[in-house]
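target34.txt follows; it contains compact mmCIF, C-alpha atoms.
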# COMPACT_ATOMS: atom_id res chain seq x y z
CA MET A 1 -13.22 -25.55 -5.27
CA SER A 2 -13.14 -22.56 -7.65
CA CYS A 3 -10.07 -21.83 -9.79
CA LYS A 4 -9.08 -19.03 -7.45
CA GLU A 5 -9.42 -21.24 -4.37
CA LYS A 6 -7.36 -23.94 -6.04
CA ILE A 7 -4.57 -21.45 -6.79
CA ALA A 8 -4.68 -20.05 -3.23
CA ALA A 9 -4.64 -23.53 -1.67
CA ARG A 10 -1.64 -24.59 -3.78
CA ALA A 11 0.17 -21.31 -3.09
CA ALA A 12 -0.27 -21.83 0.68
CA ARG A 13 1.88 -24.99 0.40
CA GLU A 14 4.87 -22.83 -0.62
CA VAL A 15 4.91 -21.13 2.81
CA ARG A 16 7.31 -22.39 5.50
CA ALA A 17 6.97 -22.14 9.28
CA GLY A 18 7.72 -18.73 10.79
CA GLN A 19 8.06 -16.91 7.49
CA VAL A 20 7.11 -13.26 6.98
CA ILE A 21 4.80 -13.07 3.98
CA ASN A 22 2.96 -10.28 2.16
CA LEU A 23 -0.23 -10.84 0.21
CA GLY A 24 -1.21 -8.73 -2.80
CA ILE A 25 -4.83 -7.99 -3.61
CA GLY A 26 -7.03 -10.66 -5.24
CA ILE A 27 -6.11 -14.34 -5.04
CA PRO A 28 -3.23 -13.84 -2.53
CA THR A 29 -5.65 -12.58 0.14
CA MET A 30 -7.33 -16.03 0.03
CA ILE A 31 -4.10 -17.86 0.95
CA PRO A 32 -4.52 -17.53 4.78
CA ASP A 33 -7.62 -19.74 4.57
CA TYR A 34 -5.24 -22.60 3.72
CA LEU A 35 -2.41 -21.86 6.17
CA PRO A 36 -2.52 -23.97 9.33
CA GLU A 37 -2.29 -21.77 12.44
CA SER A 38 0.50 -24.03 13.75
CA LEU A 39 2.77 -22.74 10.96
CA GLY A 40 3.22 -19.48 12.91
CA VAL A 41 3.41 -17.34 9.77
CA PHE A 42 3.58 -13.54 10.10
CA ILE A 43 1.45 -11.80 7.48
CA GLN A 44 2.74 -8.30 6.77
CA SER A 45 0.54 -5.52 5.42
CA GLU A 46 1.89 -2.33 3.83
CA ASN A 47 -0.31 -0.09 5.96
CA GLY A 48 1.65 -1.00 9.08
CA ILE A 49 0.79 -4.45 10.42
CA LEU A 50 2.94 -7.51 11.01
CA GLY A 51 0.81 -10.44 12.15
CA ILE A 52 -2.60 -10.45 10.46
CA GLY A 53 -4.82 -13.24 11.82
CA PRO A 54 -7.69 -15.36 10.51
CA ARG A 55 -10.49 -13.94 8.36
CA CYS A 56 -12.60 -11.31 10.13
CA ARG A 57 -16.06 -12.69 11.01
CA ASN A 58 -19.04 -10.49 10.29
CA GLY A 59 -19.80 -8.27 13.27
CA THR A 60 -16.27 -8.38 14.73
CA GLU A 61 -14.76 -5.64 12.53
CA ASP A 62 -12.51 -3.03 14.15
CA ARG A 63 -12.79 0.39 12.41
CA ASN A 64 -9.03 0.91 12.85
CA LEU A 65 -7.89 -2.48 11.63
CA ILE A 66 -7.77 -3.00 7.86
CA ASP A 67 -5.28 -4.53 5.45
CA ALA A 68 -3.77 -2.74 2.46
CA GLY A 69 -6.75 -3.79 0.34
CA ALA A 70 -9.18 -2.07 2.79
CA ASN A 71 -10.58 -5.37 4.13
CA TYR A 72 -11.22 -5.63 7.87
CA VAL A 73 -8.78 -8.10 9.42
CA THR A 74 -7.94 -9.73 12.76
CA LEU A 75 -4.61 -10.10 14.54
CA ALA A 76 -2.43 -13.15 15.19
CA PRO A 77 -0.46 -13.67 18.42
CA GLY A 78 2.73 -11.58 18.32
CA ALA A 79 1.31 -8.90 16.03
CA SER A 80 2.76 -5.38 15.91
CA PHE A 81 1.89 -1.98 14.40
CA PHE A 82 4.20 0.62 12.86
CA ASP A 83 4.17 3.57 10.45
CA SER A 84 4.46 3.40 6.66
CA ALA A 85 8.21 4.15 6.59
CA VAL A 86 8.96 1.25 8.94
CA SER A 87 6.59 -0.94 6.94
CA PHE A 88 8.62 -0.35 3.80
CA ALA A 89 11.89 -0.76 5.67
CA ILE A 90 10.66 -4.30 6.33
CA ILE A 91 9.96 -4.69 2.61
CA ARG A 92 12.95 -2.93 1.03
CA GLY A 93 15.27 -4.15 3.77
CA GLY A 94 14.66 -7.73 2.63
CA ARG A 95 12.69 -8.95 5.66
CA VAL A 96 9.72 -10.24 3.66
CA ASP A 97 10.39 -13.90 2.89
CA VAL A 98 7.65 -14.37 0.31
CA SER A 99 5.60 -11.82 -1.62
CA PHE A 100 2.52 -13.25 -3.33
CA LEU A 101 1.39 -11.02 -6.19
CA GLY A 102 -1.23 -11.12 -8.89
CA THR A 103 -0.22 -10.15 -12.41
CA LEU A 104 -1.23 -8.96 -15.83
CA GLN A 105 1.80 -10.55 -17.53
CA VAL A 106 4.86 -12.52 -16.47
CA SER A 107 7.82 -13.41 -18.72
CA ALA A 108 10.11 -16.40 -19.13
CA ASP A 109 12.86 -14.30 -17.50
CA GLY A 110 10.72 -13.63 -14.46
CA ASP A 111 9.80 -10.06 -15.44
CA LEU A 112 6.57 -8.92 -13.82
CA ALA A 113 4.04 -6.47 -15.29
CA ASN A 114 1.09 -5.79 -13.01
CA TRP A 115 0.54 -2.09 -12.46
CA ILE A 116 -0.35 -0.26 -15.64
CA ILE A 117 -2.09 -0.71 -18.98
CA PRO A 118 -1.10 2.54 -20.71
CA GLY A 119 -4.15 4.57 -21.71
CA LYS A 120 -6.52 2.19 -19.93
CA MET A 121 -5.65 1.40 -16.34
CA ALA A 122 -3.19 3.29 -14.15
CA PRO A 123 -4.62 3.63 -10.64
CA GLY A 124 -1.16 3.74 -9.09
CA ILE A 125 1.83 1.72 -8.05
CA GLY A 126 1.03 0.92 -4.42
CA GLY A 127 3.50 -1.35 -2.67
CA GLY A 128 3.87 -3.81 -5.55
CA MET A 129 7.03 -2.43 -7.11
CA GLU A 130 9.00 -2.51 -3.85
CA LEU A 131 7.68 -5.97 -2.95
CA ALA A 132 8.51 -7.35 -6.40
CA GLN A 133 12.02 -5.90 -6.32
CA LYS A 134 12.98 -6.59 -2.70
CA ALA A 135 11.10 -9.57 -1.24
CA ARG A 136 13.35 -12.61 -0.88
CA LYS A 137 11.01 -14.66 -3.05
CA VAL A 138 8.22 -13.52 -5.37
CA ILE A 139 5.45 -15.98 -6.19
CA VAL A 140 2.88 -14.99 -8.78
CA THR A 141 -0.64 -16.35 -8.30
CA THR A 142 -2.80 -15.80 -11.36
CA SER A 143 -5.29 -17.30 -13.76
CA HIS A 144 -3.26 -18.96 -16.52
CA THR A 145 -4.81 -16.75 -19.22
CA THR A 146 -6.72 -13.46 -19.38
CA ARG A 147 -10.53 -13.43 -19.41
CA ASP A 148 -10.52 -13.54 -23.22
CA GLY A 149 -8.13 -16.50 -23.21
CA SER A 150 -4.87 -14.72 -24.12
CA PRO A 151 -1.75 -16.07 -22.42
CA LYS A 152 -0.42 -14.15 -19.41
CA ILE A 153 2.84 -16.12 -19.40
CA LEU A 154 4.93 -14.76 -22.27
CA THR A 155 8.44 -14.90 -23.68
CA ARG A 156 8.59 -11.15 -23.06
CA CYS A 157 6.15 -8.78 -21.33
CA THR A 158 4.54 -6.21 -23.63
CA LEU A 159 3.22 -4.04 -20.76
CA PRO A 160 5.47 -1.71 -18.72
CA LEU A 161 7.30 -3.70 -16.04
CA THR A 162 6.79 -3.62 -12.30
CA ALA A 163 10.21 -5.21 -11.78
CA LYS A 164 12.69 -7.14 -13.89
CA GLY A 165 13.64 -10.79 -13.29
CA CYS A 166 11.96 -10.90 -9.90
CA VAL A 167 9.52 -13.83 -10.17
CA ARG A 168 10.64 -17.21 -8.78
CA THR A 169 7.46 -19.25 -9.16
CA ILE A 170 4.17 -18.96 -11.08
CA ILE A 171 1.09 -20.72 -9.69
CA THR A 172 -2.03 -20.93 -11.88
CA GLU A 173 -5.13 -23.14 -11.89
CA LEU A 174 -3.28 -25.35 -14.41
CA ALA A 175 0.35 -25.51 -13.32
CA VAL A 176 3.17 -24.67 -10.95
CA ILE A 177 6.06 -23.24 -12.97
CA ASP A 178 9.49 -22.21 -11.67
CA VAL A 179 11.55 -19.48 -13.32
CA ILE A 180 15.06 -20.92 -13.63
CA PRO A 181 18.13 -19.51 -15.41
CA GLY A 182 17.28 -21.44 -18.60
CA GLY A 183 13.63 -20.38 -18.74
CA LEU A 184 10.38 -21.78 -17.38
CA MET A 185 10.44 -25.21 -15.71
CA LEU A 186 7.14 -27.02 -15.20
CA ARG A 187 7.06 -28.37 -11.63
CA GLU A 188 3.47 -29.55 -11.25
CA LEU A 189 0.33 -30.01 -13.32
CA ALA A 190 -3.24 -29.63 -12.06
CA GLU A 191 -5.29 -32.85 -11.89
CA GLU A 192 -7.76 -31.62 -14.52
CA THR A 193 -5.25 -30.69 -17.21
CA CYS A 194 -2.55 -32.17 -19.44
CA LEU A 195 0.84 -30.98 -20.65
CA ASP A 196 -0.52 -30.14 -24.10
CA GLU A 197 -3.18 -27.78 -22.71
CA VAL A 198 -0.63 -25.96 -20.54
CA ARG A 199 1.77 -25.63 -23.49
CA GLU A 200 -1.01 -24.31 -25.68
CA LYS A 201 -1.98 -21.65 -23.12
CA THR A 202 1.60 -20.57 -22.36
CA ALA A 203 3.26 -18.22 -24.85
CA ALA A 204 6.81 -19.15 -23.84
CA PRO A 205 8.79 -22.40 -24.12
CA LEU A 206 8.21 -24.75 -21.17
CA LEU A 207 10.97 -27.03 -19.88
CA VAL A 208 9.80 -30.36 -18.52
CA ALA A 209 11.91 -32.71 -16.40
CA GLU A 210 12.05 -36.38 -17.37
CA GLY A 211 9.69 -38.81 -15.67
CA GLU A 212 6.26 -38.43 -14.09
CA ILE A 213 5.08 -34.85 -13.52
CA ALA A 214 3.70 -34.23 -10.03
CA ARG A 215 0.01 -33.33 -9.80
CA PHE A 216 -1.90 -30.93 -7.57
CA MET B 1 1.77 24.75 31.04
CA ILE B 2 1.50 24.67 27.25
CA ASP B 3 -1.92 23.93 25.80
CA LYS B 4 -2.09 23.23 22.05
CA THR B 5 -5.83 22.58 21.93
CA LEU B 6 -7.70 24.95 19.66
CA PRO B 7 -11.21 25.17 18.14
CA ILE B 8 -11.24 23.67 14.64
CA ASP B 9 -12.10 26.92 12.79
CA GLN B 10 -9.21 28.74 14.41
CA ALA B 11 -6.76 25.92 13.65
CA LEU B 12 -7.77 25.84 9.97
CA GLN B 13 -7.13 29.58 9.52
CA ALA B 14 -3.55 28.50 8.83
CA VAL B 15 -4.59 26.92 5.48
CA HIS B 16 -4.41 29.24 2.46
CA ASP B 17 -4.98 28.99 -1.29
CA ARG B 18 -2.18 27.19 -3.18
CA HIS B 19 -0.91 25.48 -0.04
CA THR B 20 0.52 21.98 -0.10
CA VAL B 21 -1.42 19.93 2.42
CA MET B 22 -0.43 16.46 3.60
CA VAL B 23 -3.34 14.33 4.73
CA GLY B 24 -2.85 11.26 6.91
CA GLY B 25 -4.65 7.97 6.51
CA PHE B 26 -4.42 4.76 4.54
CA GLY B 27 -7.95 4.30 3.27
CA ALA B 28 -10.24 5.43 6.07
CA PRO B 29 -8.18 4.70 9.22
CA GLY B 30 -6.08 7.75 10.05
CA THR B 31 -7.98 10.04 7.67
CA PRO B 32 -8.93 13.30 9.48
CA PHE B 33 -12.49 13.38 8.16
CA LEU B 34 -13.66 16.28 10.34
CA LEU B 35 -10.65 18.48 9.49
CA LEU B 36 -11.28 17.81 5.79
CA GLU B 37 -14.99 18.57 6.11
CA SER B 38 -14.13 21.86 7.82
CA LEU B 39 -11.45 22.68 5.23
CA LEU B 40 -14.11 22.29 2.54
CA ALA B 41 -16.28 24.82 4.40
CA GLN B 42 -13.29 27.10 5.03
CA GLY B 43 -12.89 27.49 1.27
CA ALA B 44 -9.15 27.25 0.49
CA GLY B 45 -8.52 26.25 -3.13
CA ASN B 46 -5.84 25.52 -5.74
CA LEU B 47 -4.41 23.09 -3.22
CA THR B 48 -1.80 20.41 -3.69
CA LEU B 49 -2.77 17.40 -1.61
CA VAL B 50 -0.44 14.60 -0.51
CA LYS B 51 -2.13 11.39 0.62
CA ASN B 52 -1.46 7.68 0.16
CA ASP B 53 -4.79 7.25 -1.66
CA ALA B 54 -7.81 9.33 -2.66
CA ASN B 55 -10.21 7.83 -0.10
CA GLU B 56 -13.47 6.74 -1.75
CA PRO B 57 -16.10 8.77 -3.63
CA GLY B 58 -17.84 11.23 -1.29
CA MET B 59 -15.40 10.59 1.56
CA GLY B 60 -12.35 12.37 2.97
CA ILE B 61 -10.15 14.13 0.41
CA SER B 62 -12.49 13.03 -2.37
CA LYS B 63 -14.87 15.79 -1.24
CA LEU B 64 -12.17 18.44 -1.82
CA LEU B 65 -11.19 16.88 -5.15
CA GLU B 66 -14.81 16.63 -6.34
CA ALA B 67 -15.41 20.26 -5.29
CA GLY B 68 -12.56 21.44 -7.53
CA ARG B 69 -10.36 22.65 -4.69
CA VAL B 70 -7.33 20.61 -5.71
CA ASN B 71 -4.94 21.17 -8.62
CA THR B 72 -2.46 18.41 -7.86
CA LEU B 73 -2.70 15.13 -5.99
CA ILE B 74 0.47 13.33 -4.93
CA ALA B 75 -0.40 9.73 -4.02
CA SER B 76 0.51 6.08 -4.34
CA HIS B 77 -2.69 4.27 -5.37
CA ILE B 78 -6.13 5.75 -6.06
CA GLY B 79 -7.82 2.57 -7.30
CA LEU B 80 -10.60 2.64 -4.70
CA ASN B 81 -11.83 5.99 -6.04
CA PRO B 82 -13.20 5.69 -9.61
CA VAL B 83 -14.46 9.30 -9.47
CA VAL B 84 -10.94 10.66 -8.95
CA VAL B 85 -9.47 8.18 -11.47
CA ALA B 86 -11.92 9.59 -14.04
CA MET B 87 -10.94 13.19 -13.09
CA MET B 88 -7.30 12.20 -13.64
CA HIS B 89 -8.10 10.76 -17.09
CA ARG B 90 -10.03 13.92 -18.03
CA ARG B 91 -7.00 15.94 -16.86
CA GLU B 92 -9.09 17.93 -14.40
CA ILE B 93 -6.39 17.29 -11.82
CA GLU B 94 -2.69 16.53 -12.03
CA VAL B 95 -1.83 13.24 -10.32
CA GLU B 96 1.71 12.24 -9.37
CA LEU B 97 1.96 8.57 -8.40
CA TYR B 98 4.84 7.05 -6.45
CA PRO B 99 5.67 3.58 -5.16
CA GLN B 100 4.10 3.58 -1.70
CA GLY B 101 7.24 3.19 0.38
CA ILE B 102 9.04 5.77 -1.76
CA LEU B 103 6.24 8.25 -1.05
CA ALA B 104 6.53 7.44 2.67
CA GLU B 105 10.31 7.85 2.56
CA LYS B 106 10.11 11.16 0.65
CA ILE B 107 7.92 12.47 3.45
CA ARG B 108 10.13 10.95 6.15
CA ALA B 109 13.20 12.54 4.52
CA GLY B 110 11.43 15.91 4.40
CA GLY B 111 10.63 15.59 8.07
CA ALA B 112 14.19 14.58 8.92
CA GLY B 113 15.66 17.69 7.27
CA LEU B 114 17.21 15.82 4.33
CA ILE B 115 17.42 16.98 0.72
CA GLY B 116 16.41 13.57 -0.60
CA PHE B 117 17.64 9.98 -0.85
CA LEU B 118 18.93 7.42 -3.33
CA THR B 119 17.07 4.27 -4.30
CA ASP B 120 17.14 1.47 -6.85
CA ILE B 121 13.33 1.06 -6.79
CA GLY B 122 11.94 1.46 -10.29
CA LEU B 123 15.33 1.59 -12.07
CA ASP B 124 14.21 -1.09 -14.55
CA THR B 125 10.81 0.49 -15.15
CA ILE B 126 9.30 3.48 -16.97
CA LEU B 127 9.68 5.48 -13.73
CA ARG B 128 13.34 6.05 -14.56
CA ASP B 129 12.36 8.16 -17.60
CA SER B 130 11.06 10.91 -15.32
CA ARG B 131 13.72 10.58 -12.62
CA GLN B 132 17.23 11.86 -12.02
CA VAL B 133 19.46 8.79 -12.37
CA MET B 134 22.99 8.99 -10.97
CA SER B 135 25.92 6.72 -10.41
CA VAL B 136 27.13 6.03 -6.87
CA ASP B 137 30.17 3.78 -6.38
CA GLY B 138 29.51 2.28 -9.80
CA ARG B 139 25.86 1.54 -9.05
CA GLU B 140 22.94 3.29 -10.67
CA ALA B 141 20.51 5.03 -8.34
CA ILE B 142 17.45 7.23 -8.62
CA PHE B 143 17.55 10.48 -6.66
CA GLU B 144 14.22 11.07 -4.93
CA PRO B 145 13.81 14.60 -3.57
CA ALA B 146 12.36 14.95 -0.06
CA LEU B 147 8.79 16.17 0.25
CA ARG B 148 7.54 18.85 2.65
CA ALA B 149 4.23 20.63 3.03
CA ASP B 150 2.80 23.86 4.39
CA ILE B 151 0.19 21.99 6.40
CA ALA B 152 -0.33 18.45 7.71
CA LEU B 153 -3.80 17.29 8.72
CA ILE B 154 -3.77 14.04 10.67
CA HIS B 155 -5.90 11.92 12.98
CA ALA B 156 -4.80 10.38 16.28
CA SER B 157 -6.70 8.48 18.93
CA LYS B 158 -5.24 10.37 21.89
CA ALA B 159 -3.28 13.53 22.61
CA ASP B 160 -2.23 15.38 25.70
CA ARG B 161 -2.28 19.17 25.76
CA ALA B 162 1.42 19.31 24.85
CA GLY B 163 0.61 17.51 21.57
CA ASN B 164 2.09 14.10 22.36
CA LEU B 165 0.19 11.62 20.21
CA VAL B 166 -0.96 8.01 20.36
CA PHE B 167 -2.32 6.36 17.23
CA SER B 168 -4.54 3.32 17.04
CA ARG B 169 -3.67 0.14 15.13
CA SER B 170 -3.56 0.56 11.33
CA ALA B 171 -4.62 4.21 11.68
CA ARG B 172 -0.97 5.20 12.29
CA ASN B 173 0.30 4.69 8.69
CA PHE B 174 1.46 8.04 7.18
CA CYS B 175 0.30 10.24 10.11
CA PRO B 176 3.51 10.53 12.15
CA LEU B 177 5.64 10.94 8.99
CA MET B 178 3.48 13.78 7.70
CA ALA B 179 3.48 15.47 11.08
CA MET B 180 7.28 15.61 10.85
CA ALA B 181 7.26 17.05 7.31
CA ALA B 182 4.95 20.07 7.52
CA ASP B 183 5.41 23.66 8.70
CA ARG B 184 2.07 23.63 10.51
CA VAL B 185 0.61 20.43 11.95
CA ILE B 186 -3.05 20.14 12.89
CA VAL B 187 -4.19 16.97 14.62
CA GLU B 188 -7.76 15.89 15.32
CA VAL B 189 -8.03 13.51 18.25
CA GLU B 190 -10.71 11.32 19.75
CA GLU B 191 -9.57 12.01 23.30
CA VAL B 192 -7.57 14.80 24.94
CA VAL B 193 -5.89 13.75 28.19
CA PRO B 194 -4.02 15.83 30.78
CA THR B 195 -0.34 16.44 30.08
CA GLY B 196 1.64 13.98 32.14
CA SER B 197 -0.91 11.18 31.95
CA LEU B 198 0.51 9.44 28.86
CA ASP B 199 3.23 6.86 29.44
CA PRO B 200 6.30 8.44 27.76
CA ASP B 201 7.24 4.97 26.45
CA GLY B 202 3.85 4.76 24.75
CA VAL B 203 3.97 8.11 22.92
CA HIS B 204 4.08 7.44 19.15
CA LEU B 205 4.85 11.02 18.09
CA PRO B 206 6.48 13.63 20.36
CA GLY B 207 4.58 16.86 20.86
CA ALA B 208 7.37 18.94 19.29
CA PHE B 209 5.94 18.05 15.86
CA VAL B 210 2.40 19.15 16.70
CA ASP B 211 1.08 22.73 16.54
CA HIS B 212 -2.67 22.41 17.11
CA VAL B 213 -4.82 19.74 18.73
CA VAL B 214 -8.50 19.70 17.77
CA SER B 215 -10.81 17.61 19.92
CA LEU B 216 -13.37 15.54 18.02
CA GLY B 217 -16.87 15.23 19.37
CA GLU B 218 -19.01 12.27 18.50
CA LEU B 219 -17.54 10.41 15.52
CA THR B 220 -19.44 10.57 12.21
CA PRO B 221 -20.20 7.38 10.22
CA ASP B 222 -17.08 7.93 8.05
CA TYR B 223 -15.04 6.92 11.12
CA GLY B 224 -17.02 3.72 11.67
CA VAL B 225 -16.89 0.28 10.10
CA LEU B 226 -17.61 0.82 6.40
CA PRO B 227 -20.26 -1.64 5.18
CA GLN B 228 -18.75 -1.77 1.67
CA HIS B 229 -15.61 -3.43 3.09
CA VAL B 230 -17.29 -5.97 5.35
CA LEU B 231 -16.99 -9.48 3.88
File written out as structure tokens:
Amino acid sequence: MSCKEKIAARAAREVRAGQVINLGIGIPTMIPDYLPESLGVFIQSENGILGIGPRCRNGTEDRNLIDAGANYVTLAPGASFFDSAVSFAIIRGGRVDVSFLGTLQVSADGDLANWIIPGKMAPGIGGGMELAQKARKVIVTTSHTTRDGSPKILTRCTLPLTAKGCVRTIITELAVIDVIPGGLMLRELAEETCLDEVREKTAAPLLVAEGEIARF
Amino acid sequence: MIDKTLPIDQALQAVHDRHTVMVGGFGAPGTPFLLLESLLAQGAGNLTLVKNDANEPGMGISKLLEAGRVNTLIASHIGLNPVVVAMMHRREIEVELYPQGILAEKIRAGGAGLIGFLTDIGLDTILRDSRQVMSVDGREAIFEPALRADIALIHASKADRAGNLVFSRSARNFCPLMAMAADRVIVEVEEVVPTGSLDPDGVHLPGAFVDHVVSLGELTPDYGVLPQHVL
């Protein structure tokens, strides 16, 4: 299993039966591969779909059926279509139970920065800001560090924010970390790592409960 | 009985230089590729375009942008079009970017005859620096003005001659909202059916919002499954 698959598989275990979830681009779009069909989850897509189904097999693509990342998708039983205003009424109205988002940076207070690197990358805001601010729960799925090894989990974000204090849980290839009122609480460690490595790669203090740390 | 069908060249005579043109579609589905192709040939310039995205290089509104017909693009996310991103960085076009649902709501509000609306989206971000922030019942809110256009160009799968529209799957997206928010609405459709044959319960947009219906012939490859997005 690649790092990304490991993160997606662990993130899938945060989803409860019947929930409405939204998947950002990148790692989150891999989560459905690890969701049992029996869970009856409704995957929402900003472009006007509630009820995206299993991965689209080659040759079965429908020219009028894509997700917000432009990938061809299938439908699950009970799916529905609507316009973009209704789609964001679902989001801003608080009907998305879990929003899975990738990130550039995330802070110990749950601040999220994932849409702009001033002077370098600013392709737009998309649906991320409204999802981050209004979903009932925001889970960040991300590599623990950037490609050059710099920490993405920081005491304070240095990039412009997407939303303040919105992140509940951070899932990386190394750890599952909850954002709690006192800071960052380590919930689980990956099998291949140790507490020291996670601390070294996290640029914010990490709270650890007493006793054995669960592994994933 | 009213018949809104019109040849494409005649319908596009309504578009003039410096017009604001809303263009339906989220990525390819819902993008009126033939109307855009014909608008390029028609020649109108100095346009302001409103679309969720910038399509992809060589497709849809990207053709108008690449041909220098557009001064301003109002959008949400143009990440799938590196050519237009580069034009934005070189300042060859002005680009205004909005959170996607805020863009949709600005258009919806324009269509519903409202001046604008209040929202808390982006209050804690750099967006607030360029917005009008006000206090309502002790809460801070951003005022977002409604958005209207001279022209809306949209795609639907079916229309009757009275302009009642049916969209297909994820091709609905911004199309009905834009049709409500423009002074002149031109729709290209894959199938024109006799008035009275659509189930009134199944009409997605009432004909009152539609001025011209253009019937598409055989669909070009832009309308098909795009190989670059097949897994």
Within 7 Å of chain A, which residues of chain B show up when using all atoms listed in the file, listed as a PyMOL selection string?
chain B and resi 26-27+29+76-79+85+97-101+104-105+121+124-126+168-174+224-225+229-231
Quick check, in Å to one decimal: how far apart do CA of Val96 in chain A and CA of Thr29 in chain A lie?
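If I compute the distance from CA of Val96 in chain A to CA of Thr29 in chain A, I get 15.9 Å.
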Counting all atoms listed in the file, which residues have an atom no more than 8 Å from (-6.6, -13.9, 15.9) in the file's coordinates? Please list them as a ChimeraX atom specification.
/A:52-54,74-77
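Between CA of Met134 in chain B and CA of Leu114 in chain B the interatomic distance comes to 17.7 Å.
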Could you state the separation of CA of Leu50 in chain A and CA of Asp222 in chain B in Å, given to one decimal place?
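Rounded to one decimal, the two atoms are 25.5 Å apart.
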Residue among A:Gly78, A:Pro205, A:Gly93, A:Gly102 lying closest to Phe42 in chain A, counting all atoms listed in the file:
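With all atoms listed in the file as the atom set, the closest residue is A:Gly78.
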Leu153 in chain B: which residues within 9 Å, counting all atoms listed in the file, same-chain residues fewer than 4 positions away excluded, as a PyMOL selection string?
chain B and resi 21-24+31-32+35-36+175+178-179+184-188
If we count only C-alpha atoms, what is near Ile171 in chain A at a cut-off of 9 Å, once residues fewer than 4 positions away on the same chain are taken out, given as a list in words?
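Neighbouring residues, sequence-local ones excluded: Ile7, Ala8, Arg10, Ala11, Ile139, Val140, Thr141, Thr142, Ser143, His144, Ala175, Val176, Ile177 and Asp178 of chain A.
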Protein/DNA/RNA residues near (-13.5, 24.7, -0.9), cut 12 Å, only C-alpha atoms, as a list in words:
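In the file's frame, the residues around the point are Val15, His16, Asp17, Arg18, Leu36, Glu37, Ser38, Leu39, Leu40, Ala41, Gln42, Gly43, Ala44, Gly45, Asn46, Leu47, Ile61, Ser62, Lys63, Leu64, Leu65, Glu66, Ala67, Gly68, Arg69 and Val70 of chain B.
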Selected residue, from B:Ile93, B:Ile74, B:Ala162, B:Val214, that lies nearest to Ile107 in chain B when counting all atoms listed in the file:
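The closest residue to Ile107 in chain B is B:Ile74.
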Please identify all polymer residues within 12 Å of Glu140 in chain B, counting only C-alpha atoms, omitting same-chain residues fewer than 2 positions from it, and present them as a PyMOL selection string.
chain B and resi 118-124+128+131-138+142-143
My list of candidates is B:Leu226, B:Val193, B:Ala181, B:Leu34. Which is closest to Val210 in chain B when distances are computed with all atoms listed in the file?
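When distances to Val210 in chain B are compared using all atoms listed in the file, the smallest one comes from B:Ala181.
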